[in-house]
file run21.cif (mmCIF, C-alpha atoms)
data_query
loop_
_atom_site.label_atom_id
_atom_site.label_comp_id
_atom_site.auth_asym_id
_atom_site.auth_seq_id
_atom_site.Cartn_x
_atom_site.Cartn_y
_atom_site.Cartn_z
CA MET A 17 -14.86 18.28 1.67
CA THR A 18 -11.30 19.47 1.13
CA LEU A 19 -7.97 17.90 2.07
CA LYS A 20 -5.62 19.78 4.38
CA SER A 21 -2.51 18.83 2.39
CA ARG A 22 -1.70 18.81 -1.32
CA HIS A 23 0.55 15.77 -0.75
CA LEU A 24 -0.08 12.14 0.19
CA LEU A 25 2.95 11.15 2.24
CA GLY A 26 1.34 8.62 4.60
CA LEU A 27 -1.84 7.67 6.43
CA GLU A 28 -0.48 8.55 9.87
CA ASN A 29 -1.44 12.21 9.55
CA LEU A 30 -4.75 11.78 7.72
CA THR A 31 -8.04 12.10 9.56
CA ARG A 32 -10.75 9.48 9.36
CA ALA A 33 -12.82 11.91 7.29
CA GLU A 34 -9.99 12.36 4.78
CA ILE A 35 -9.52 8.60 4.46
CA GLU A 36 -13.24 8.20 3.84
CA TYR A 37 -13.05 10.96 1.23
CA PHE A 38 -10.39 9.01 -0.70
CA LEU A 39 -12.38 5.77 -0.38
CA ASP A 40 -15.68 7.34 -1.44
CA THR A 41 -14.04 9.00 -4.43
CA ALA A 42 -12.46 5.69 -5.44
CA GLY A 43 -15.89 4.08 -5.21
CA SER A 44 -17.34 6.60 -7.65
CA LEU A 45 -14.43 6.17 -10.08
CA LYS A 46 -14.19 2.37 -10.05
CA GLU A 47 -16.94 1.82 -12.61
CA ILE A 48 -14.86 3.60 -15.26
CA SER A 49 -12.66 0.51 -15.46
CA SER A 50 -15.64 -1.66 -16.42
CA ARG A 51 -16.65 0.49 -19.40
CA ASP A 52 -15.95 -0.46 -23.00
CA ILE A 53 -14.00 2.79 -23.35
CA LYS A 54 -12.06 3.09 -20.11
CA LYS A 55 -11.29 6.80 -20.22
CA VAL A 56 -12.73 10.08 -18.96
CA PRO A 57 -11.37 13.59 -19.65
CA THR A 58 -11.04 14.56 -15.98
CA LEU A 59 -7.25 15.18 -15.98
CA ARG A 60 -6.80 16.01 -19.65
CA GLY A 61 -3.81 18.31 -20.02
CA LYS A 62 -2.23 17.19 -16.74
CA THR A 63 1.14 15.40 -16.63
CA VAL A 64 2.00 12.76 -14.02
CA ILE A 65 5.62 11.74 -13.38
CA ASN A 66 6.17 8.22 -12.01
CA LEU A 67 9.61 8.40 -10.38
CA PHE A 68 10.52 4.89 -9.23
CA PHE A 69 13.87 4.13 -7.59
CA GLU A 70 12.78 0.60 -6.62
CA ALA A 71 11.30 -2.25 -8.62
CA SER A 72 7.52 -2.36 -8.86
CA THR A 73 4.86 -4.19 -10.86
CA ARG A 74 1.48 -3.50 -9.27
CA THR A 75 2.01 0.03 -7.92
CA ARG A 76 3.78 1.51 -10.92
CA THR A 77 1.48 -0.10 -13.47
CA SER A 78 -1.70 0.84 -11.64
CA PHE A 79 -0.56 4.47 -11.23
CA GLU A 80 0.09 4.63 -14.96
CA ILE A 81 -3.24 3.02 -15.81
CA ALA A 82 -5.03 5.28 -13.32
CA ALA A 83 -3.52 8.41 -14.86
CA LYS A 84 -4.34 7.32 -18.41
CA ARG A 85 -7.93 6.45 -17.53
CA LEU A 86 -8.28 10.03 -16.31
CA SER A 87 -6.68 11.22 -19.62
CA ALA A 88 -3.48 12.50 -18.00
CA ASP A 89 -0.13 12.17 -19.76
CA THR A 90 2.33 9.91 -17.92
CA ILE A 91 6.11 9.79 -17.87
CA ASN A 92 7.88 6.83 -16.21
CA ILE A 93 11.39 7.34 -14.84
CA SER A 94 13.41 4.60 -13.14
CA ALA A 95 16.71 4.93 -11.31
CA SER A 96 18.55 2.82 -13.88
CA THR A 97 17.59 5.18 -16.72
CA SER A 98 17.96 8.48 -14.86
CA SER A 99 20.94 10.74 -14.13
CA VAL A 100 21.06 9.30 -10.62
CA THR A 101 23.40 6.71 -12.17
CA LYS A 102 25.75 9.62 -12.98
CA GLY A 103 25.74 10.96 -9.44
CA GLU A 104 22.81 13.39 -9.53
CA THR A 105 21.06 13.82 -6.19
CA LEU A 106 17.37 13.13 -5.64
CA ILE A 107 16.71 16.82 -5.00
CA ASP A 108 18.48 17.89 -8.20
CA THR A 109 16.55 15.26 -10.15
CA ALA A 110 13.28 16.55 -8.73
CA LYS A 111 14.13 20.22 -9.31
CA ASN A 112 14.94 19.50 -12.95
CA ILE A 113 11.69 17.57 -13.37
CA GLU A 114 9.83 20.48 -11.77
CA ALA A 115 11.34 22.86 -14.33
CA MET A 116 9.54 20.92 -17.07
CA ARG A 117 6.17 21.86 -15.50
CA PRO A 118 4.50 18.52 -14.72
CA ASP A 119 1.48 18.52 -12.40
CA LEU A 120 2.04 15.61 -9.98
CA VAL A 121 4.97 13.43 -8.96
CA VAL A 122 4.57 9.84 -7.76
CA ILE A 123 7.73 8.59 -6.07
CA ARG A 124 8.96 5.25 -4.75
CA HIS A 125 12.31 5.33 -2.98
CA PRO A 126 14.35 2.97 -0.76
CA ALA A 127 15.00 5.75 1.78
CA SER A 128 12.32 6.41 4.38
CA GLY A 129 11.31 10.06 4.24
CA ALA A 130 12.31 10.70 0.61
CA PRO A 131 8.78 11.82 -0.46
CA GLU A 132 8.54 14.21 2.49
CA LEU A 133 11.95 15.65 1.58
CA LEU A 134 10.78 16.32 -1.97
CA SER A 135 7.58 17.93 -0.71
CA ARG A 136 9.77 20.59 0.92
CA TRP A 137 11.91 21.23 -2.16
CA VAL A 138 9.48 21.25 -5.10
CA ASP A 139 6.23 23.09 -5.64
CA LEU A 140 4.32 20.04 -6.85
CA PRO A 141 1.95 17.55 -5.19
CA ILE A 142 4.01 14.55 -4.08
CA ILE A 143 2.44 11.09 -3.80
CA ASN A 144 4.31 8.47 -1.79
CA ALA A 145 4.33 5.14 -3.65
CA GLY A 146 6.38 3.50 -0.88
CA ASP A 147 9.41 4.87 0.97
CA GLY A 148 11.84 2.49 2.63
CA THR A 149 10.23 0.88 5.66
CA HIS A 150 8.09 3.95 6.43
CA GLU A 151 4.71 3.91 4.64
CA HIS A 152 2.87 2.88 1.48
CA PRO A 153 -0.28 5.00 1.76
CA THR A 154 -2.02 4.07 -1.48
CA GLN A 155 -1.63 0.38 -0.59
CA GLY A 156 -3.18 1.13 2.78
CA LEU A 157 -6.08 2.92 1.10
CA LEU A 158 -6.73 0.12 -1.38
CA ASP A 159 -6.65 -2.42 1.47
CA LEU A 160 -9.24 -0.35 3.34
CA PHE A 161 -11.32 0.03 0.18
CA THR A 162 -11.28 -3.72 -0.46
CA VAL A 163 -12.32 -4.63 3.08
CA ARG A 164 -15.12 -2.04 3.10
CA GLU A 165 -16.31 -3.30 -0.30
CA LYS A 166 -16.34 -6.96 0.80
CA ARG A 167 -17.54 -6.59 4.39
CA GLY A 168 -19.59 -3.40 4.16
CA LYS A 169 -17.69 -1.78 7.02
CA ILE A 170 -14.32 -1.54 8.75
CA ASP A 171 -15.40 -0.33 12.18
CA GLY A 172 -15.32 -3.16 14.71
CA LEU A 173 -13.41 -5.65 12.55
CA THR A 174 -10.19 -7.38 13.61
CA LEU A 175 -7.19 -7.28 11.28
CA ALA A 176 -4.27 -9.68 11.79
CA ILE A 177 -1.04 -8.70 10.00
CA ILE A 178 1.27 -11.70 9.68
CA GLY A 179 4.94 -11.72 8.78
CA ASP A 180 7.79 -9.24 8.37
CA ILE A 181 6.42 -6.29 10.32
CA THR A 182 9.83 -4.70 10.87
CA HIS A 183 10.58 -4.07 7.21
CA SER A 184 7.03 -3.57 5.93
CA ARG A 185 5.81 -0.12 4.91
CA VAL A 186 2.45 -1.75 4.12
CA ALA A 187 2.13 -2.88 7.74
CA ARG A 188 2.57 0.68 8.99
CA SER A 189 0.04 2.19 6.60
CA ASP A 190 -2.45 -0.56 7.44
CA ILE A 191 -1.92 -0.10 11.19
CA TYR A 192 -2.60 3.64 10.93
CA GLY A 193 -5.44 3.36 8.42
CA PHE A 194 -7.41 0.47 9.91
CA GLN A 195 -7.20 1.83 13.45
CA LYS A 196 -8.41 5.25 12.32
CA MET A 197 -11.35 3.54 10.66
CA GLY A 198 -12.26 1.73 13.89
CA ALA A 199 -10.66 -1.70 13.44
CA ARG A 200 -8.61 -3.65 15.97
CA VAL A 201 -5.14 -4.57 14.71
CA ARG A 202 -2.94 -7.52 15.65
CA VAL A 203 0.61 -8.16 14.43
CA CYS A 204 2.25 -11.56 14.42
CA GLY A 205 5.66 -12.89 13.49
CA PRO A 206 8.93 -14.14 14.96
CA PRO A 207 10.50 -11.76 17.53
CA THR A 208 13.23 -10.87 15.01
CA LEU A 209 10.62 -9.48 12.60
CA ILE A 210 8.53 -7.37 14.99
CA PRO A 211 9.90 -3.96 16.06
CA PRO A 212 10.43 -3.45 19.81
CA GLY A 213 7.72 -1.27 21.32
CA ILE A 214 5.24 -1.72 18.47
CA GLU A 215 2.49 -1.93 21.10
CA SER A 216 2.81 1.86 21.39
CA LEU A 217 0.95 2.06 18.08
CA GLY A 218 -2.08 0.47 19.74
CA VAL A 219 -1.70 -3.02 18.29
CA GLN A 220 -1.68 -6.44 19.94
CA LYS A 221 1.54 -8.42 19.45
CA PHE A 222 1.72 -12.19 18.93
CA HIS A 223 4.62 -14.55 18.34
CA ARG A 224 2.39 -17.58 17.67
CA LEU A 225 0.14 -17.72 14.63
CA GLU A 226 -2.87 -19.64 15.97
CA PRO A 227 -3.94 -17.10 18.65
CA ALA A 228 -3.35 -14.24 16.20
CA LEU A 229 -5.76 -15.82 13.71
CA GLU A 230 -8.42 -16.62 16.29
CA GLY A 231 -11.54 -14.61 15.43
CA ALA A 232 -9.78 -12.46 12.82
CA ASP A 233 -11.99 -10.88 10.15
CA VAL A 234 -9.09 -9.97 7.87
CA VAL A 235 -5.67 -11.60 7.57
CA MET A 236 -2.99 -9.54 5.84
CA VAL A 237 -0.09 -11.81 4.88
CA LEU A 238 3.28 -10.12 4.29
CA ARG A 239 6.29 -11.20 2.26
CA ILE A 240 9.61 -11.77 4.00
CA GLN A 241 11.71 -8.87 2.67
CA LEU A 242 15.09 -10.54 2.45
CA GLU A 243 16.42 -7.66 0.34
CA ARG A 244 16.11 -5.30 3.33
CA GLN A 245 17.72 -7.65 5.83
CA GLY A 246 21.31 -8.35 6.81
CA THR A 247 21.62 -11.36 9.09
CA PRO A 248 18.82 -13.86 8.31
CA PRO A 249 16.08 -13.35 10.95
CA PHE A 250 15.25 -17.09 11.22
CA PRO A 251 17.04 -20.38 10.47
CA THR A 252 15.32 -21.33 7.19
CA LEU A 253 12.38 -20.35 4.99
CA ARG A 254 11.01 -23.85 5.51
CA GLU A 255 10.89 -23.32 9.26
CA TYR A 256 9.25 -19.91 8.81
CA SER A 257 6.60 -21.42 6.55
CA LYS A 258 5.89 -24.17 9.07
CA LEU A 259 5.41 -21.72 11.94
CA PHE A 260 3.85 -18.69 10.22
CA GLY A 261 2.72 -19.73 6.73
CA ILE A 262 -0.97 -19.52 5.80
CA ASN A 263 -1.80 -22.95 4.38
CA LEU A 264 -4.81 -25.21 3.88
CA GLU A 265 -4.76 -26.47 7.46
CA ARG A 266 -4.81 -22.95 8.85
CA LEU A 267 -7.52 -21.87 6.42
CA ARG A 268 -9.83 -24.39 8.06
CA ARG A 269 -9.43 -22.59 11.38
CA LEU A 270 -10.70 -19.29 9.98
CA LYS A 271 -14.26 -18.00 10.04
CA PRO A 272 -16.10 -18.62 6.75
CA ASP A 273 -16.11 -14.90 5.91
CA THR A 274 -12.52 -14.12 6.89
CA LEU A 275 -10.66 -12.29 4.12
CA ILE A 276 -7.12 -13.26 3.10
CA MET A 277 -5.06 -10.36 1.71
CA HIS A 278 -1.51 -9.88 0.44
CA PRO A 279 0.11 -6.72 -0.99
CA GLY A 280 2.32 -8.74 -3.37
CA PRO A 281 4.60 -9.98 -4.65
CA ILE A 282 3.79 -13.43 -3.26
CA ASN A 283 6.39 -16.03 -2.38
CA ARG A 284 4.31 -19.15 -2.95
CA GLY A 285 4.86 -21.85 -0.39
CA VAL A 286 6.66 -19.54 2.04
CA GLU A 287 4.25 -17.06 3.66
CA ILE A 288 1.20 -18.37 1.82
CA SER A 289 0.22 -21.53 -0.06
CA PRO A 290 -1.46 -21.52 -3.50
CA GLU A 291 -4.67 -22.81 -1.87
CA ALA A 292 -4.75 -19.78 0.42
CA ALA A 293 -3.67 -17.27 -2.22
CA TYR A 294 -6.37 -18.27 -4.71
CA GLY A 295 -9.01 -19.92 -2.53
CA SER A 296 -12.46 -18.73 -1.47
CA HIS A 297 -11.10 -16.55 1.35
CA SER A 298 -8.72 -14.66 -0.91
CA VAL A 299 -9.36 -11.11 -2.13
CA ILE A 300 -5.79 -10.60 -3.37
CA LEU A 301 -6.76 -9.99 -6.99
CA ASP A 302 -9.55 -7.69 -5.80
CA GLN A 303 -6.84 -5.63 -4.09
CA VAL A 304 -4.99 -5.34 -7.40
CA GLU A 305 -8.14 -4.30 -9.23
CA ASN A 306 -9.07 -1.77 -6.55
CA GLY A 307 -5.58 -0.30 -6.65
CA VAL A 308 -6.43 1.35 -9.97
CA ALA A 309 -9.59 2.98 -8.60
CA VAL A 310 -7.86 4.18 -5.43
CA ARG A 311 -4.94 5.66 -7.36
CA MET A 312 -7.37 7.35 -9.73
CA ALA A 313 -8.97 8.95 -6.68
CA VAL A 314 -5.61 10.05 -5.28
CA LEU A 315 -4.52 11.61 -8.58
CA TYR A 316 -7.88 13.32 -8.98
CA LEU A 317 -8.06 14.74 -5.46
CA LEU A 318 -4.44 15.92 -5.43
CA SER A 319 -4.61 17.45 -8.91
CA GLY A 320 -5.58 20.80 -7.38
CA ARG A 321 -9.33 20.54 -7.73
CA SER A 322 -10.29 19.79 -4.12
CA VAL A 323 -7.30 20.74 -1.97
CA ASP A 324 -6.94 23.73 0.37
CA ALA A 325 -3.17 24.13 0.27
#
call {"tool": "encode", "arguments": {"input": "run21.cif", "output": "structure tokens"}}
result
Amino acid sequence: MTLKSRHLLGLENLTRAEIEYFLDTAGSLKEISSRDIKKVPTLRGKTVINLFFEASTRTRTSFEIAAKRLSADTINISASTSSVTKGETLIDTAKNIEAMRPDLVVIRHPASGAPELLSRWVDLPIINAGDGTHEHPTQGLLDLFTVREKRGKIDGLTLAIIGDITHSRVARSDIYGFQKMGARVRVCGPPTLIPPGIESLGVQKFHRLEPALEGADVVMVLRIQLERQGTPPFPTLREYSKLFGINLERLRRLKPDTLIMHPGPINRGVEISPEAAYGSHSVILDQVENGVAVRMAVLYLLSGRSVDA
């Protein structure tokens, strides 16, 4: 199979077959990380630029590890150490990077649409590592990969996404990805944290946690993104935790095989308790592990080997 685009800007425009292609490729690459020597020569001679204008632990580190396990050279650039601090525009930064002849650019940016903008200005594959409140496609792919690995399928499952839907790029990628793979998607949170008209994406909307959790196969818990908000969307974090937090009492209401997920970073005791984050339902650390395999697959498939255009 071939991909119809040389970029990964989001899951909204991918087909089910393309998503499966990424997941299957990740499955074949995952075992590399369990070897004594965790390296293959697949991308030897390629250079990957990690261009991060927002803070990141999991995504940036796993992209770097993924590239190095495929033997690519990696260069990490952050906003604080780039010429952006001197007034250089994003496009000028990207054009200058392009002039140095790298092979792929991974970008995280606070502005929605920044990766798509770059894809029109530079002749390089662009991988979206999270743009504003738009999408986070590799997180969506690793969430799909983890569920398929743990449950054996995605088709027919029910995913409940709990928390700050309005500001979450992960929520959007998961909504697109899980629905394309045949899952039913629910969203739940206070009215101030759910976008008006979100039902148009084909999801069920809830403002109470208990009915949203009823019968769910997967529960994706989201962090409250205070850094993207102006007026506080609820009175206190304590009240939010009481109404929407996943804790020990709510764990007991879940089916025995329900999966608890979180894209990180976790605010312990706010959206999720330690018992939920590290209990028997949790696959949060599996998500982190699978992020390396998924990003290896993305780098491999967008390196020019299996792409039409």
call {"tool": "closest_residue", "arguments": {"input": "run21.cif", "among": "A:Val163, A:Leu173, A:Ala95, A:Ala187", "to": "A:Thr149", "atoms": "only C-alpha atoms"}}
result
A:Ala187
call {"tool": "residues_around", "arguments": {"input": "run21.cif", "residues": "stretch 63-70 of chain A", "least_positions_apart": "4", "cutoff": "8 Å", "atoms": "all atoms listed in the file", "output": "PyMOL selection string"}}
result
chain A and resi 76+79-80+83+88-96+118-126
call {"tool": "resolve_selection", "arguments": {"input": "run21.cif", "expression": "the PyMOL selection byres ((chain A and resi 166) around 12)", "output": "ChimeraX atom specification"}}
result
/A:159-165,167-170,233-234,273-277,297-300,302-303,306
call {"tool": "atom_distance", "arguments": {"input": "run21.cif", "atom1": "atom CA of A:Gly156", "atom2": "atom CA of A:His223"}}
result
23.4 Å
call {"tool": "atom_distance", "arguments": {"input": "run21.cif", "atom1": "atom CA of A:Lys55", "atom2": "atom CA of A:Pro141"}}
result
22.7 Å
call {"tool": "closest_residue", "arguments": {"input": "run21.cif", "among": "A:Leu25, A:Ile210, A:Ala110, A:Ile142", "to": "A:Ser128", "atoms": "only C-alpha atoms"}}
result
A:Leu25
call {"tool": "atom_distance", "arguments": {"input": "run21.cif", "atom1": "atom CA of A:Ala176", "atom2": "atom CA of A:Ala130"}}
result
28.6 Å
call {"tool": "residues_around", "arguments": {"input": "run21.cif", "residues": "A:Val203", "least_positions_apart": "3", "cutoff": "7 Å", "atoms": "all atoms listed in the file", "output": "ChimeraX atom specification"}}
result
/A:176-178,219-222
call {"tool": "resolve_selection", "arguments": {"input": "run21.cif", "expression": "the PyMOL selection byres ((chain A and resi 316) around 10)", "output": "PyMOL selection string"}}
result
chain A and resi 38+41-42+45+58-59+82-83+86+310-315+317-322
call {"tool": "closest_residue", "arguments": {"input": "run21.cif", "among": "A:Ala127, A:Leu209, A:Met197, A:Leu175", "to": "A:Ala228", "atoms": "only C-alpha atoms"}}
result
A:Leu175
call {"tool": "residues_around", "arguments": {"input": "run21.cif", "residues": "A:Gly280", "least_positions_apart": "4", "cutoff": "10 Å", "atoms": "only C-alpha atoms", "output": "list in words"}}
result
Ser72, Thr73, Arg74, Thr75, Val237, Leu238, Arg239, Ile300, Leu301, Gln303 and Val304 of chain A
call {"tool": "residues_around", "arguments": {"input": "run21.cif", "residues": "A:Leu253", "least_positions_apart": "3", "cutoff": "7 Å", "atoms": "all atoms listed in the file", "output": "JSON, numbers by chain"}}
result
{"A": [256, 257, 286]}
call {"tool": "closest_residue", "arguments": {"input": "run21.cif", "among": "A:Ile113, A:Met17, A:Leu217, A:Ile240", "to": "A:Ile282", "atoms": "all atoms listed in the file"}}
result
A:Ile240
call {"tool": "residues_around", "arguments": {"input": "run21.cif", "residues": "A:Asn263", "least_positions_apart": "3", "cutoff": "7 Å", "atoms": "all atoms listed in the file", "output": "list in words"}}
result
Arg266, Leu267, Ile288, Ser289, Glu291 and Ala292 of chain A
call {"tool": "resolve_selection", "arguments": {"input": "run21.cif", "expression": "the PyMOL selection byres ((chain A and resi 107) around 9)", "output": "VMD selection string"}}
result
chain A and resid 104 to 106 108 to 112 133 to 134 137 to 138
call {"tool": "write_last_selection", "arguments": {"input": "run21.cif", "atoms": "C-alpha atoms", "output": "PDB file, in the frame of the given file"}}
result
ATOM      1  CA  GLU A 104      22.810  13.390  -9.530  1.00  0.00           C
ATOM      2  CA  THR A 105      21.060  13.820  -6.190  1.00  0.00           C
ATOM      3  CA  LEU A 106      17.370  13.130  -5.640  1.00  0.00           C
ATOM      4  CA  ASP A 108      18.480  17.890  -8.200  1.00  0.00           C
ATOM      5  CA  THR A 109      16.550  15.260 -10.150  1.00  0.00           C
ATOM      6  CA  ALA A 110      13.280  16.550  -8.730  1.00  0.00           C
ATOM      7  CA  LYS A 111      14.130  20.220  -9.310  1.00  0.00           C
ATOM      8  CA  ASN A 112      14.940  19.500 -12.950  1.00  0.00           C
ATOM      9  CA  LEU A 133      11.950  15.650   1.580  1.00  0.00           C
ATOM     10  CA  LEU A 134      10.780  16.320  -1.970  1.00  0.00           C
ATOM     11  CA  TRP A 137      11.910  21.230  -2.160  1.00  0.00           C
ATOM     12  CA  VAL A 138       9.480  21.250  -5.100  1.00  0.00           C
TER      13      VAL A 138
END
call {"tool": "closest_residue", "arguments": {"input": "run21.cif", "among": "A:Val100, A:Gly148, A:Thr154, A:Lys62", "to": "A:Val308", "atoms": "only C-alpha atoms"}}
result
A:Thr154
call {"tool": "closest_residue", "arguments": {"input": "run21.cif", "among": "A:Leu19, A:Leu259, A:Ile48, A:Ile53", "to": "A:Glu34", "atoms": "all atoms listed in the file"}}
result
A:Leu19
